[in-house]
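Source file structure-v1.cif; content: mmCIF, C-alpha atoms.
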data_structure
loop_
_atom_site.label_atom_id
_atom_site.label_comp_id
_atom_site.auth_asym_id
_atom_site.auth_seq_id
_atom_site.Cartn_x
_atom_site.Cartn_y
_atom_site.Cartn_z
CA MET A 1 25.02 33.89 179.35
CA SER A 2 26.83 37.07 178.23
CA PHE A 3 30.17 37.14 176.41
CA GLU A 4 32.29 40.01 175.13
CA SER A 5 35.42 40.02 172.97
CA LYS A 6 37.25 42.52 170.78
CA ILE A 7 35.26 41.13 167.84
CA PHE A 8 31.70 41.14 169.20
CA ARG A 9 29.38 41.07 172.19
CA CYS A 10 26.95 38.18 172.58
CA HIS A 11 24.22 37.22 175.03
CA GLN A 12 22.92 33.68 174.45
CA GLY A 13 19.62 32.68 176.01
CA TYR A 14 18.46 36.30 175.84
CA LEU A 15 14.82 35.30 175.19
CA LYS A 16 13.12 32.97 177.65
CA ASN A 17 10.22 31.78 175.48
CA THR A 18 12.32 30.28 172.66
CA ASP A 19 14.26 27.04 172.23
CA GLY A 20 17.38 29.12 171.66
CA SER A 21 18.29 32.77 171.22
CA ALA A 22 21.21 35.16 170.90
CA LEU A 23 21.62 38.93 170.98
CA LEU A 24 24.71 39.72 168.91
CA THR A 25 26.42 43.07 168.48
CA GLU A 26 29.18 43.45 165.90
CA GLY A 27 30.56 46.98 165.76
CA THR A 28 27.48 49.22 165.94
CA THR A 29 25.05 46.70 164.41
CA SER A 30 22.92 44.55 166.69
CA VAL A 31 20.65 41.61 165.82
CA LEU A 32 18.45 39.49 168.08
CA ALA A 33 17.77 35.96 166.81
CA GLY A 34 15.31 33.43 168.21
CA VAL A 35 14.88 29.75 167.25
CA TYR A 36 11.85 27.51 167.62
CA GLY A 37 11.96 23.83 166.77
CA PRO A 38 12.23 21.37 165.39
CA GLY A 39 8.47 21.71 165.42
CA ASP A 40 5.36 20.81 163.50
CA ILE A 41 4.64 22.18 160.03
CA ARG A 42 1.63 22.00 157.75
CA GLU A 43 1.42 18.69 155.90
CA SER A 44 1.50 20.46 152.53
CA ARG A 45 4.94 21.91 153.38
CA GLN A 46 6.46 18.83 154.98
CA ASN A 47 9.43 17.03 153.48
CA ALA A 48 9.46 13.28 154.17
CA GLN A 49 13.26 13.08 153.83
CA LYS A 50 14.40 16.09 155.85
CA GLY A 51 13.36 19.09 157.88
CA VAL A 52 12.81 22.57 156.51
CA VAL A 53 13.97 26.00 157.64
CA GLU A 54 11.87 29.15 157.76
CA VAL A 55 13.48 32.54 158.41
CA ASN A 56 11.61 35.70 159.34
CA PHE A 57 13.72 38.83 158.88
CA ARG A 58 12.21 41.74 160.84
CA PRO A 59 13.40 45.34 160.42
CA LYS A 60 13.82 47.70 163.37
CA ILE A 61 10.68 49.60 162.36
CA GLY A 62 8.01 49.07 159.73
CA ILE A 63 7.51 46.07 157.49
CA PRO A 64 10.24 44.15 155.59
CA THR A 65 11.29 45.67 152.27
CA LEU A 66 12.22 43.74 149.15
CA ASN A 67 15.90 43.97 150.11
CA GLU A 68 15.22 42.47 153.54
CA LYS A 69 13.21 39.66 151.94
CA TYR A 70 16.23 38.91 149.76
CA LEU A 71 18.56 38.85 152.79
CA GLU A 72 16.03 36.57 154.52
CA GLN A 73 16.33 34.05 151.67
CA PHE A 74 20.13 34.21 151.81
CA VAL A 75 20.20 33.54 155.57
CA ARG A 76 17.83 30.61 155.07
CA LYS A 77 20.07 29.01 152.43
CA VAL A 78 23.11 29.35 154.70
CA LEU A 79 21.27 27.67 157.59
CA GLU A 80 19.88 24.90 155.34
CA SER A 81 23.42 23.98 154.31
CA ALA A 82 24.63 23.83 157.92
CA ILE A 83 21.82 22.15 159.90
CA ILE A 84 21.61 18.34 159.75
CA LEU A 85 18.06 18.45 158.41
CA GLU A 86 17.98 14.71 157.61
CA ASP A 87 17.65 14.06 161.36
CA HIS A 88 14.32 15.91 161.45
CA PRO A 89 11.99 14.78 158.62
CA ARG A 90 8.53 16.39 158.47
CA SER A 91 9.67 19.09 160.91
CA CYS A 92 10.54 22.76 160.72
CA PHE A 93 13.06 25.11 162.32
CA TYR A 94 11.63 28.61 162.69
CA VAL A 95 14.31 31.32 162.91
CA ILE A 96 13.35 34.93 163.65
CA THR A 97 15.97 37.66 163.24
CA GLN A 98 15.01 41.04 164.67
CA ILE A 99 17.19 43.98 163.64
CA MET A 100 17.86 46.04 166.77
CA GLU A 101 20.37 48.45 165.21
CA SER A 102 21.59 48.51 161.60
CA ARG A 103 24.78 50.50 161.06
CA GLY A 104 26.79 48.35 158.66
CA SER A 105 27.62 44.68 157.98
CA LEU A 106 23.99 43.70 158.63
CA LEU A 107 23.92 40.41 156.71
CA ALA A 108 27.05 39.04 158.43
CA CYS A 109 25.70 39.97 161.86
CA SER A 110 22.32 38.38 161.05
CA ILE A 111 23.88 35.09 159.94
CA ASN A 112 26.13 34.92 162.99
CA ALA A 113 23.28 35.76 165.38
CA ALA A 114 21.09 33.03 163.85
CA VAL A 115 23.93 30.49 164.12
CA LEU A 116 24.58 31.32 167.78
CA ALA A 117 20.84 31.03 168.51
CA LEU A 118 20.79 27.58 166.85
CA GLN A 119 23.78 26.55 168.95
CA ASP A 120 21.99 27.81 172.07
CA ALA A 121 19.05 25.57 171.10
CA GLY A 122 21.38 22.56 170.78
CA VAL A 123 20.63 22.02 167.09
CA SER A 124 22.95 19.51 165.39
CA MET A 125 24.96 21.06 162.56
CA ASN A 126 27.35 19.83 159.88
CA PHE A 127 29.49 22.90 160.47
CA ILE A 128 29.27 26.34 162.06
CA PRO A 129 28.87 29.05 159.42
CA VAL A 130 31.07 32.08 160.16
CA ALA A 131 30.16 35.26 158.27
CA VAL A 132 32.54 38.15 157.62
CA CYS A 133 31.78 41.35 155.71
CA VAL A 134 34.46 43.13 153.66
CA ALA A 135 33.89 46.36 151.74
CA VAL A 136 36.08 48.11 149.20
CA CYS A 137 35.72 51.83 149.92
CA GLU A 138 36.96 54.92 148.16
CA LYS A 139 38.89 56.99 150.68
CA GLU A 140 41.17 60.02 150.50
CA ASP A 141 44.72 59.96 151.86
CA ILE A 142 46.40 62.91 153.58
CA ASN A 143 47.25 64.39 150.17
CA GLY A 144 43.66 64.28 149.01
CA VAL A 145 44.29 61.43 146.60
CA LYS A 146 41.47 58.89 146.39
CA ASN A 147 42.37 55.23 146.86
CA ASN A 148 40.45 52.00 147.22
CA GLN A 149 40.79 50.46 150.67
CA MET A 150 39.54 47.14 152.03
CA VAL A 151 37.55 47.46 155.25
CA VAL A 152 36.60 44.46 157.42
CA GLY A 153 33.25 44.88 159.18
CA PRO A 154 32.39 48.20 157.50
CA ASN A 155 30.11 50.59 159.38
CA LYS A 156 27.39 52.75 157.87
CA GLU A 157 29.82 55.55 156.99
CA ASP A 158 32.14 53.09 155.21
CA GLU A 159 29.23 51.65 153.24
CA GLU A 160 28.31 55.13 151.99
CA THR A 161 31.68 55.32 150.18
CA GLN A 162 31.90 51.67 149.10
CA ILE A 163 32.27 50.56 145.50
CA ALA A 164 31.69 46.91 146.40
CA HIS A 165 30.73 44.90 149.44
CA MET A 166 30.96 41.15 150.08
CA THR A 167 29.61 38.98 152.87
CA PHE A 168 31.70 35.80 152.95
CA THR A 169 30.46 32.77 154.89
CA PHE A 170 33.03 30.11 155.80
CA ASN A 171 32.77 26.46 156.80
CA SER A 172 34.17 26.11 160.33
CA VAL A 173 35.42 22.56 159.66
CA THR A 174 37.45 23.25 156.51
CA ASN A 175 37.75 27.07 156.72
CA ASN A 176 36.76 27.06 153.03
CA LEU A 177 34.29 29.51 151.53
CA ALA A 178 30.71 28.18 151.78
CA CYS A 179 28.94 31.06 150.01
CA CYS A 180 29.27 34.75 149.21
CA HIS A 181 26.83 37.62 148.82
CA GLN A 182 28.24 40.46 146.71
CA GLN A 183 27.09 43.95 145.81
CA GLY A 184 29.10 45.93 143.25
CA SER A 185 31.78 44.76 140.83
CA LEU A 186 35.46 44.10 141.45
CA SER A 187 38.46 42.77 139.57
CA GLN A 188 39.34 39.14 140.26
CA GLU A 189 42.58 40.28 141.90
CA MET A 190 40.78 42.57 144.36
CA TYR A 191 38.13 39.93 145.07
CA ASP A 192 40.87 37.41 145.93
CA LYS A 193 42.48 39.92 148.30
CA CYS A 194 39.14 40.52 150.04
CA LEU A 195 38.58 36.78 150.31
CA GLN A 196 41.99 36.23 151.89
CA LEU A 197 41.40 39.05 154.38
CA ALA A 198 37.96 37.67 155.28
CA GLN A 199 39.37 34.18 155.73
CA GLN A 200 41.91 35.47 158.26
CA GLU A 201 39.17 37.33 160.12
CA SER A 202 36.92 34.26 160.14
CA SER A 203 39.56 32.27 162.04
CA ASP A 204 39.56 34.87 164.83
CA LYS A 205 35.77 35.05 164.83
CA LEU A 206 35.47 31.26 165.04
CA LYS A 207 37.71 31.26 168.12
CA ALA A 208 35.39 33.81 169.69
CA PHE A 209 32.36 31.67 168.74
CA ARG A 210 33.91 28.70 170.51
CA GLU A 211 34.60 30.82 173.59
CA VAL A 212 30.90 31.80 173.62
CA LEU A 213 29.82 28.16 173.43
CA SER A 214 32.36 27.08 176.04
CA ALA A 215 31.28 29.85 178.44
CA ASN A 216 27.65 28.90 177.93
CA TYR A 217 28.39 25.21 178.62
CA ILE A 218 30.39 25.96 181.75
CA GLY A 219 27.68 28.36 182.95
CA CYS A 220 25.06 25.60 182.71
CA ARG A 221 27.00 23.06 184.75
#

Whole structure given in structure tokens:
Amino acid sequence: MSFESKIFRCHQGYLKNTDGSALLTEGTTSVLAGVYGPGDIRESRQNAQKGVVEVNFRPKIGIPTLNEKYLEQFVRKVLESAIILEDHPRSCFYVITQIMESRGSLLACSINAAVLALQDAGVSMNFIPVAVCVAVCEKEDINGVKNNQMVVGPNKEDEETQIAHMTFTFNSVTNNLACCHQQGSLSQEMYDKCLQLAQQESSDKLKAFREVLSANYIGCR
């Protein structure tokens, strides 16, 4: 089922050999996520109280770098906090995120693609994580004076001039901040402004998420 809004384009059920999948494009960045499970896992890695999550972060070409391995761990922690893992002891959710095009705001797009793939698979969740990227970039005005500007969903060109960059992930139930990944340093005042801007954007993105899920449900009836 395909869906397009001013915020993103999404095609759930894009892969036929998975339990759930989603191809998500935000701006000029595109990520394909596939979900398998809950499925079996080696006994040595089982948890008797709850399920586990494994994330495989695949670059467009080549093998994952250290930075991509770090992003992989961050995505996994976000998903672990959202999925009701207690319902699936001794099981595993395998999430594969394939980078199709990386031109800015990659982590936010990867989190959102994984979440939409989990929803396509019908996985029970405590809340829907909604990720928003905000960068503080140094830009020149018409007089040639350099100023710091906040950019929501920065592209590759924005990220080349950034002094800091945050990926905020919000809890869909409370709209509170669930976690944040930050690169670069900022004053507390500027950080708070970025957080407020991201929180406003997350409300719009959550509405679009719900439209995706509603369109997918109606399409299956």

Quick one: which region 60-149 of chain A residues come within 12 Å of region 199-216 of chain A, and what is the nearest atom pair for each with the distance in Å to one decimal, counting all atoms listed in the file, rows ordered by chain and ascending number, as a tab-separated table?
residue	atom	partner	partner_atom	distance
A:Ala108	CA	A:Ser202	CA	11.1
A:Cys109	CA	A:Lys205	CA	11.6
A:Asn112	CA	A:Phe209	CA	9.1
A:Ala113	CA	A:Phe209	CA	10.5
A:Val115	CA	A:Phe209	CA	9.7
A:Leu116	CA	A:Phe209	CA	7.8
A:Ala117	CA	A:Leu213	CA	10.6
A:Leu118	CA	A:Leu213	CA	11.2
A:Gln119	CA	A:Leu213	CA	7.7
A:Asp120	CA	A:Leu213	CA	8.0
A:Ala121	CA	A:Leu213	CA	11.3
A:Gly122	CA	A:Leu213	CA	10.5
A:Phe127	CA	A:Leu206	CA	11.2
A:Ile128	CA	A:Leu206	CA	8.5
A:Pro129	CA	A:Leu206	CA	8.9
A:Val130	CA	A:Ser202	CA	6.2
A:Ala131	CA	A:Ser202	CA	7.1
A:Val132	CA	A:Ser202	CA	6.4
A:Cys133	CA	A:Glu201	CA	9.5
A:Val134	CA	A:Glu201	CA	9.9

Grab the residues selected above and save them as a PDB file, in the coordinates of the input with C-alpha atoms.
ATOM      1  CA  ALA A 108      27.050  39.040 158.430  1.00  0.00           C
ATOM      2  CA  CYS A 109      25.700  39.970 161.860  1.00  0.00           C
ATOM      3  CA  ASN A 112      26.130  34.920 162.990  1.00  0.00           C
ATOM      4  CA  ALA A 113      23.280  35.760 165.380  1.00  0.00           C
ATOM      5  CA  VAL A 115      23.930  30.490 164.120  1.00  0.00           C
ATOM      6  CA  LEU A 116      24.580  31.320 167.780  1.00  0.00           C
ATOM      7  CA  ALA A 117      20.840  31.030 168.510  1.00  0.00           C
ATOM      8  CA  LEU A 118      20.790  27.580 166.850  1.00  0.00           C
ATOM      9  CA  GLN A 119      23.780  26.550 168.950  1.00  0.00           C
ATOM     10  CA  ASP A 120      21.990  27.810 172.070  1.00  0.00           C
ATOM     11  CA  ALA A 121      19.050  25.570 171.100  1.00  0.00           C
ATOM     12  CA  GLY A 122      21.380  22.560 170.780  1.00  0.00           C
ATOM     13  CA  PHE A 127      29.490  22.900 160.470  1.00  0.00           C
ATOM     14  CA  ILE A 128      29.270  26.340 162.060  1.00  0.00           C
ATOM     15  CA  PRO A 129      28.870  29.050 159.420  1.00  0.00           C
ATOM     16  CA  VAL A 130      31.070  32.080 160.160  1.00  0.00           C
ATOM     17  CA  ALA A 131      30.160  35.260 158.270  1.00  0.00           C
ATOM     18  CA  VAL A 132      32.540  38.150 157.620  1.00  0.00           C
ATOM     19  CA  CYS A 133      31.780  41.350 155.710  1.00  0.00           C
ATOM     20  CA  VAL A 134      34.460  43.130 153.660  1.00  0.00           C
TER      21      VAL A 134
END

Would you pick out the contacts of Phe93 (chain A) at 9 Å or less, using only C-alpha atoms, so that residues sharing its chain but fewer than 6 positions from it are not included, and give the list as number ranges by chain? A: 35-40, 51-55

Counting only C-alpha atoms, which residues sit no farther than 12 Å from the position (18.2, 14.0, 161.2) in the file's frame? I'd like them as a PyMOL selection string. chain A and resi 38+48-52+83-92+123-126

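Taking CA of Ile163 (chain A) and CA of Val145 (chain A) as the two end points, the separation is 16.2 Å.
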
Can you list, as a ChimeraX atom specification, every protein, DNA or RNA residue that comes within 10 Å of region 72-77 of chain A when you count all atoms listed in the file, leaving out same-chain residues fewer than 5 positions away? /A:52-58,64,66-67,82,95-97,107-108,110-112,114-115,179-181

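With CA of Thr29 (chain A) on one side and CA of Ala198 (chain A) on the other, the separation reads 18.2 Å.
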